[in-house]
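Asker: My file is start.pdb. It has PDB, C-alpha atoms:
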MODEL        1
ATOM      1  CA  MET E   6       6.393  -0.597 -19.800
ATOM      2  CA  ILE E   7       4.108  -2.226 -17.249
ATOM      3  CA  GLN E   8       1.539  -4.568 -18.646
ATOM      4  CA  THR E   9      -1.628  -5.650 -16.912
ATOM      5  CA  LEU E  10      -0.902  -7.453 -13.666
ATOM      6  CA  THR E  11      -3.138  -8.945 -11.022
ATOM      7  CA  LEU E  12      -2.030  -9.770  -7.477
ATOM      8  CA  TYR E  13      -3.818 -12.580  -5.638
ATOM      9  CA  GLY E  14      -4.000 -13.083  -1.894
ATOM     10  CA  PRO E  15      -5.982 -15.635   0.114
ATOM     11  CA  ILE E  16      -9.034 -13.362   0.401
ATOM     12  CA  LEU E  17      -8.435 -10.513  -2.031
ATOM     13  CA  ARG E  18      -7.503  -9.787  -5.627
ATOM     14  CA  LEU E  19      -5.753  -6.531  -6.619
ATOM     15  CA  THR E  20      -6.576  -5.686 -10.227
ATOM     16  CA  PRO E  21      -4.933  -2.694 -11.878
ATOM     17  CA  PHE E  22      -6.844  -0.180 -13.945
ATOM     18  CA  ASN E  23      -5.844   3.037 -15.658
ATOM     19  CA  LEU E  24      -2.086   2.435 -15.651
ATOM     20  CA  ALA E  25      -0.372   5.751 -16.260
ATOM     21  CA  GLY E  26       3.354   6.425 -16.156
ATOM     22  CA  SER E  27       4.462   6.756 -12.571
ATOM     23  CA  MET E  28       1.139   5.623 -11.074
ATOM     24  CA  LEU E  29      -0.605   2.274 -10.628
ATOM     25  CA  ARG E  30      -4.234   2.164  -9.528
ATOM     26  CA  PHE E  31      -5.509  -1.116  -8.119
ATOM     27  CA  SER E  32      -9.097  -2.114  -7.479
ATOM     28  CA  ILE E  33      -9.294  -4.197  -4.287
ATOM     29  CA  ASN E  34     -11.837  -6.972  -4.775
ATOM     30  CA  ARG E  35     -12.859  -9.970  -2.711
ATOM     31  CA  ARG E  36     -11.920 -13.226  -4.444
ATOM     32  CA  ASP E  37     -15.101 -15.108  -3.550
ATOM     33  CA  ASP E  38     -17.701 -12.720  -4.973
ATOM     34  CA  SER E  39     -15.598 -10.000  -6.711
ATOM     35  CA  ARG E  40     -17.169  -7.225  -4.607
ATOM     36  CA  GLN E  41     -15.019  -4.121  -4.564
ATOM     37  CA  VAL E  42     -13.583  -3.336  -1.137
ATOM     38  CA  GLY E  43     -11.591  -0.226  -2.026
ATOM     39  CA  LEU E  44      -8.690   1.171  -4.019
ATOM     40  CA  LEU E  45      -4.917   1.145  -3.678
ATOM     41  CA  LEU E  46      -2.836   3.825  -5.373
ATOM     42  CA  VAL E  47       0.879   3.431  -6.000
ATOM     43  CA  THR E  48       2.115   6.911  -6.887
ATOM     44  CA  ALA E  49       5.502   8.531  -7.459
ATOM     45  CA  LEU E  50       6.690   5.156  -8.748
ATOM     46  CA  ASP E  51      10.299   5.759  -9.743
ATOM     47  CA  PRO E  52      12.132   2.608 -10.891
ATOM     48  CA  LYS E  53      15.475   4.444 -11.103
ATOM     49  CA  SER E  54      15.525   5.530  -7.465
ATOM     50  CA  GLY E  55      13.406   2.636  -6.235
ATOM     51  CA  HIS E  56      10.836   4.883  -4.525
ATOM     52  CA  ALA E  57       7.045   4.694  -4.412
ATOM     53  CA  ALA E  58       4.206   6.114  -2.327
ATOM     54  CA  LEU E  59       1.095   4.164  -1.305
ATOM     55  CA  GLU E  60      -2.450   5.302  -0.600
ATOM     56  CA  LEU E  61      -4.882   2.759   0.842
ATOM     57  CA  LEU E  62      -8.459   3.864   0.176
ATOM     58  CA  ILE E  63     -10.940   1.712   2.088
ATOM     59  CA  ALA E  64     -13.638   3.984   3.526
ATOM     60  CA  ASP E  65     -15.035   1.719   6.247
ATOM     61  CA  PRO E  66     -12.534   1.483   9.154
ATOM     62  CA  ALA E  67     -13.712  -2.055   9.991
ATOM     63  CA  LYS E  68     -13.041  -3.211   6.413
ATOM     64  CA  ARG E  69      -9.705  -1.353   6.401
ATOM     65  CA  LYS E  70      -8.729  -3.214   9.573
ATOM     66  CA  LEU E  71      -9.875  -6.542   8.093
ATOM     67  CA  TYR E  72      -8.484  -6.237   4.554
ATOM     68  CA  GLY E  73      -5.646  -3.723   4.997
ATOM     69  CA  PRO E  74      -2.970  -6.177   6.175
ATOM     70  CA  GLU E  75      -3.450  -8.445   3.161
ATOM     71  CA  VAL E  76      -3.533  -5.545   0.692
ATOM     72  CA  LEU E  77      -0.325  -4.037   2.056
ATOM     73  CA  LYS E  78       1.416  -7.409   2.267
ATOM     74  CA  LEU E  79       0.632  -8.100  -1.402
ATOM     75  CA  VAL E  80       1.720  -4.720  -2.710
ATOM     76  CA  LEU E  81       4.855  -4.531  -0.526
ATOM     77  CA  GLN E  82       5.951  -8.031  -1.492
ATOM     78  CA  PHE E  83       5.355  -7.172  -5.139
ATOM     79  CA  GLY E  84       7.158  -3.832  -4.835
ATOM     80  CA  PHE E  85      10.193  -5.045  -2.912
ATOM     81  CA  CYS E  86      10.571  -8.515  -4.447
ATOM     82  CA  GLU E  87       9.393  -8.080  -8.032
ATOM     83  CA  ARG E  88       9.900  -4.364  -8.756
ATOM     84  CA  LYS E  89      13.072  -4.049  -6.641
ATOM     85  CA  LEU E  90      11.890  -0.960  -4.781
ATOM     86  CA  HIS E  91      14.188   0.477  -2.123
ATOM     87  CA  ARG E  92      11.688   2.623  -0.234
ATOM     88  CA  VAL E  93       7.930   3.053   0.176
ATOM     89  CA  THR E  94       6.149   5.965   1.881
ATOM     90  CA  MET E  95       2.610   6.533   3.130
ATOM     91  CA  CYS E  96       0.970   9.775   4.275
ATOM     92  CA  VAL E  97      -1.686   9.209   6.926
ATOM     93  CA  PRO E  98      -3.769  11.829   8.731
ATOM     94  CA  GLU E  99      -3.496  11.800  12.514
ATOM     95  CA  PHE E 100      -7.205  10.970  12.925
ATOM     96  CA  ASP E 101      -6.927   7.690  10.934
ATOM     97  CA  ARG E 102      -6.010   5.497  13.912
ATOM     98  CA  VAL E 103      -6.803   2.222  12.103
ATOM     99  CA  THR E 104      -4.324   2.848   9.279
ATOM    100  CA  LEU E 105      -1.692   4.222  11.666
ATOM    101  CA  LYS E 106      -1.820   1.066  13.790
ATOM    102  CA  LEU E 107      -1.771  -1.126  10.680
ATOM    103  CA  ILE E 108       1.306   0.445   9.087
ATOM    104  CA  GLU E 109       3.195   0.622  12.374
ATOM    105  CA  GLN E 110       2.596  -3.129  12.863
ATOM    106  CA  ILE E 111       3.937  -3.766   9.358
ATOM    107  CA  GLY E 112       7.129  -1.870  10.207
ATOM    108  CA  PHE E 113       6.673   1.629   8.778
ATOM    109  CA  THR E 114       8.560   4.334  10.692
ATOM    110  CA  LEU E 115       7.293   7.854  11.356
ATOM    111  CA  GLU E 116       9.571  10.205   9.431
ATOM    112  CA  VAL E 117       7.750  13.540   9.188
ATOM    113  CA  CYS E 118       4.976  15.214  11.150
ATOM    114  CA  GLN E 119       3.400  18.108   9.288
ATOM    115  CA  ARG E 120       1.791  19.815  12.234
ATOM    116  CA  GLN E 121      -1.821  20.926  11.904
ATOM    117  CA  ALA E 122      -1.743  20.499   8.120
ATOM    118  CA  ILE E 123      -5.314  19.182   7.759
ATOM    119  CA  LEU E 124      -8.459  21.102   8.654
ATOM    120  CA  LEU E 125     -11.415  18.776   9.168
ATOM    121  CA  ARG E 126     -14.682  19.559  10.946
ATOM    122  CA  GLY E 127     -13.318  22.691  12.568
ATOM    123  CA  ARG E 128     -10.170  21.046  13.942
ATOM    124  CA  PHE E 129      -6.583  20.952  12.733
ATOM    125  CA  TRP E 130      -4.895  17.548  12.495
ATOM    126  CA  ASP E 131      -1.304  16.515  11.814
ATOM    127  CA  ASP E 132      -0.394  14.863   8.519
ATOM    128  CA  LEU E 133       2.049  12.031   9.243
ATOM    129  CA  VAL E 134       4.546  10.682   6.709
ATOM    130  CA  TYR E 135       5.737   7.115   7.284
ATOM    131  CA  GLY E 136       8.487   5.268   5.426
ATOM    132  CA  LEU E 137       9.499   1.654   4.991
ATOM    133  CA  LEU E 138      12.850   0.571   3.585
ATOM    134  CA  GLU E 139      13.393  -2.759   1.889
ATOM    135  CA  THR E 140      15.831  -3.761   4.646
ATOM    136  CA  ASP E 141      13.193  -2.989   7.310
ATOM    137  CA  TRP E 142      10.693  -5.108   5.380
ATOM    138  CA  GLN E 143      13.148  -8.024   5.154
ATOM    139  CA  ASP E 144      13.800  -7.854   8.893
ATOM    140  CA  LYS E 145      10.088  -7.735   9.767
ATOM    141  CA  VAL E 146       8.577 -10.189   7.288
ATOM    142  CA  GLU E 147       9.443 -13.731   6.364
ATOM    143  CA  TYR E 148       9.622 -13.935   2.593
ATOM    144  CA  GLU E 149       7.464 -16.627   1.077
ATOM    145  CA  ALA E 150       9.498 -19.242  -0.777
ATOM    146  CA  SER E 151       7.159 -19.253  -3.767
ATOM    147  CA  PRO E 152       6.763 -16.214  -6.011
ATOM    148  CA  LEU E 153       3.658 -14.059  -5.802
ATOM    149  CA  PRO E 154       0.675 -15.293  -7.777
ATOM    150  CA  VAL E 155       0.828 -12.579 -10.427
ATOM    151  CA  GLU E 156      -0.622 -12.674 -13.904
ATOM    152  CA  GLY E 157       0.844 -10.821 -16.842
ATOM    153  CA  TYR E 158       3.528  -8.557 -15.454
ATOM    154  CA  CYS E 159       6.760  -7.896 -17.273
TER     155      CYS E 159
ENDMDL
END
Written as structure tokens, that's how I'd like the structure from this file.
Answerer:
Amino acid sequence: MIQTLTLYGPILRLTPFNLAGSMLRFSINRRDDSRQVGLLLVTALDPKSGHAALELLIADPAKRKLYGPEVLKLVLQFGFCERKLHRVTMCVPEFDRVTLKLIEQIGFTLEVCQRQAILLRGRFWDDLVYGLLETDWQDKVEYEASPLPVEGYC
């Protein structure tokens, strides 16, 4: 059973709410004034297979570009180091260039292109599925020597 946990980064705090089975929902808040920036969903969390899917929900592209790297770094470090995940996936629509650039820089690899799967404003867009393995993460990121500042996880 997962208890309440909070992840702290230099600028942001990820606070879980509504923990339910195979899903974690995090509120993304600034540390200085506690303003909410967005949400992060960790779905299809399967400890046995070590798989999880992420959804980064920050509406403003400028804020997503600013805060996205820290959010993903926190949750990936927590997932791979603390929860021993093997694989993480993210589905991103083709039109979301900010998130695509962000996850490619982190090391996610394009695995599936669902062609013209999204209809938005009279146009069809591809739905892109990206994956990141723990080994890819280790190769791309230098692990911090100290553990994550986490409160109350088990």
Asker: Would you kindly return, as a list in words, each protein, DNA or RNA residue with an atom no farther than 10 Å from any atom of Gln110 in chain E, considering all atoms listed in the file and excluding same-chain residues fewer than 4 positions away?
Answerer: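 The neighbour list is Pro74, Thr104, Leu105, Lys106, Thr114 and Lys145 of chain E.
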Asker: Apply the PyMOL selection byres ((chain E and resi 63) around 12) to the displayed file and report the matching residues as an mmCIF file with C-alpha atoms, in the coordinates of the input.
Answerer:
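out.cif was written with the following content:
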data_model
loop_
_atom_site.group_PDB
_atom_site.id
_atom_site.type_symbol
_atom_site.label_atom_id
_atom_site.label_comp_id
_atom_site.auth_asym_id
_atom_site.auth_seq_id
_atom_site.Cartn_x
_atom_site.Cartn_y
_atom_site.Cartn_z
ATOM 1 C CA PHE E 31 -5.509 -1.116 -8.119
ATOM 2 C CA SER E 32 -9.097 -2.114 -7.479
ATOM 3 C CA ILE E 33 -9.294 -4.197 -4.287
ATOM 4 C CA ASN E 34 -11.837 -6.972 -4.775
ATOM 5 C CA GLN E 41 -15.019 -4.121 -4.564
ATOM 6 C CA VAL E 42 -13.583 -3.336 -1.137
ATOM 7 C CA GLY E 43 -11.591 -0.226 -2.026
ATOM 8 C CA LEU E 44 -8.690 1.171 -4.019
ATOM 9 C CA LEU E 45 -4.917 1.145 -3.678
ATOM 10 C CA LEU E 46 -2.836 3.825 -5.373
ATOM 11 C CA GLU E 60 -2.450 5.302 -0.600
ATOM 12 C CA LEU E 61 -4.882 2.759 0.842
ATOM 13 C CA LEU E 62 -8.459 3.864 0.176
ATOM 14 C CA ALA E 64 -13.638 3.984 3.526
ATOM 15 C CA ASP E 65 -15.035 1.719 6.247
ATOM 16 C CA PRO E 66 -12.534 1.483 9.154
ATOM 17 C CA ALA E 67 -13.712 -2.055 9.991
ATOM 18 C CA LYS E 68 -13.041 -3.211 6.413
ATOM 19 C CA ARG E 69 -9.705 -1.353 6.401
ATOM 20 C CA LYS E 70 -8.729 -3.214 9.573
ATOM 21 C CA LEU E 71 -9.875 -6.542 8.093
ATOM 22 C CA TYR E 72 -8.484 -6.237 4.554
ATOM 23 C CA GLY E 73 -5.646 -3.723 4.997
ATOM 24 C CA PRO E 74 -2.970 -6.177 6.175
ATOM 25 C CA VAL E 76 -3.533 -5.545 0.692
ATOM 26 C CA ASP E 101 -6.927 7.690 10.934
ATOM 27 C CA VAL E 103 -6.803 2.222 12.103
ATOM 28 C CA THR E 104 -4.324 2.848 9.279
#
Asker: Kindly provide, as a list of chain:residue names, the polymer residues lying within 7 Å of (9.4, 1.5, 1.4), counting only C-alpha atoms and using the coordinates exactly as they appear in the file.
Answerer: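 Output: E:His56, E:His91, E:Arg92, E:Val93, E:Thr94, E:Gly136, E:Leu137, E:Leu138, E:Glu139.
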Asker: Enter the distance from CA of Trp142 in chain E to CA of Leu19 in chain E, in Å, rounded to one decimal.
Answerer: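 Those two atoms sit 20.4 Å apart.
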Asker: Name the residues that the PyMOL selection byres ((chain E and resi 117) around 8) pulls out of this structure, and write them as a PDB file with C-alpha atoms, in the coordinates of the input.
Answerer:
ATOM      1  CA  LEU E 115       7.293   7.854  11.356  1.00  0.00           C
ATOM      2  CA  GLU E 116       9.571  10.205   9.431  1.00  0.00           C
ATOM      3  CA  CYS E 118       4.976  15.214  11.150  1.00  0.00           C
ATOM      4  CA  GLN E 119       3.400  18.108   9.288  1.00  0.00           C
ATOM      5  CA  LEU E 133       2.049  12.031   9.243  1.00  0.00           C
ATOM      6  CA  VAL E 134       4.546  10.682   6.709  1.00  0.00           C
ATOM      7  CA  TYR E 135       5.737   7.115   7.284  1.00  0.00           C
TER       8      TYR E 135
END
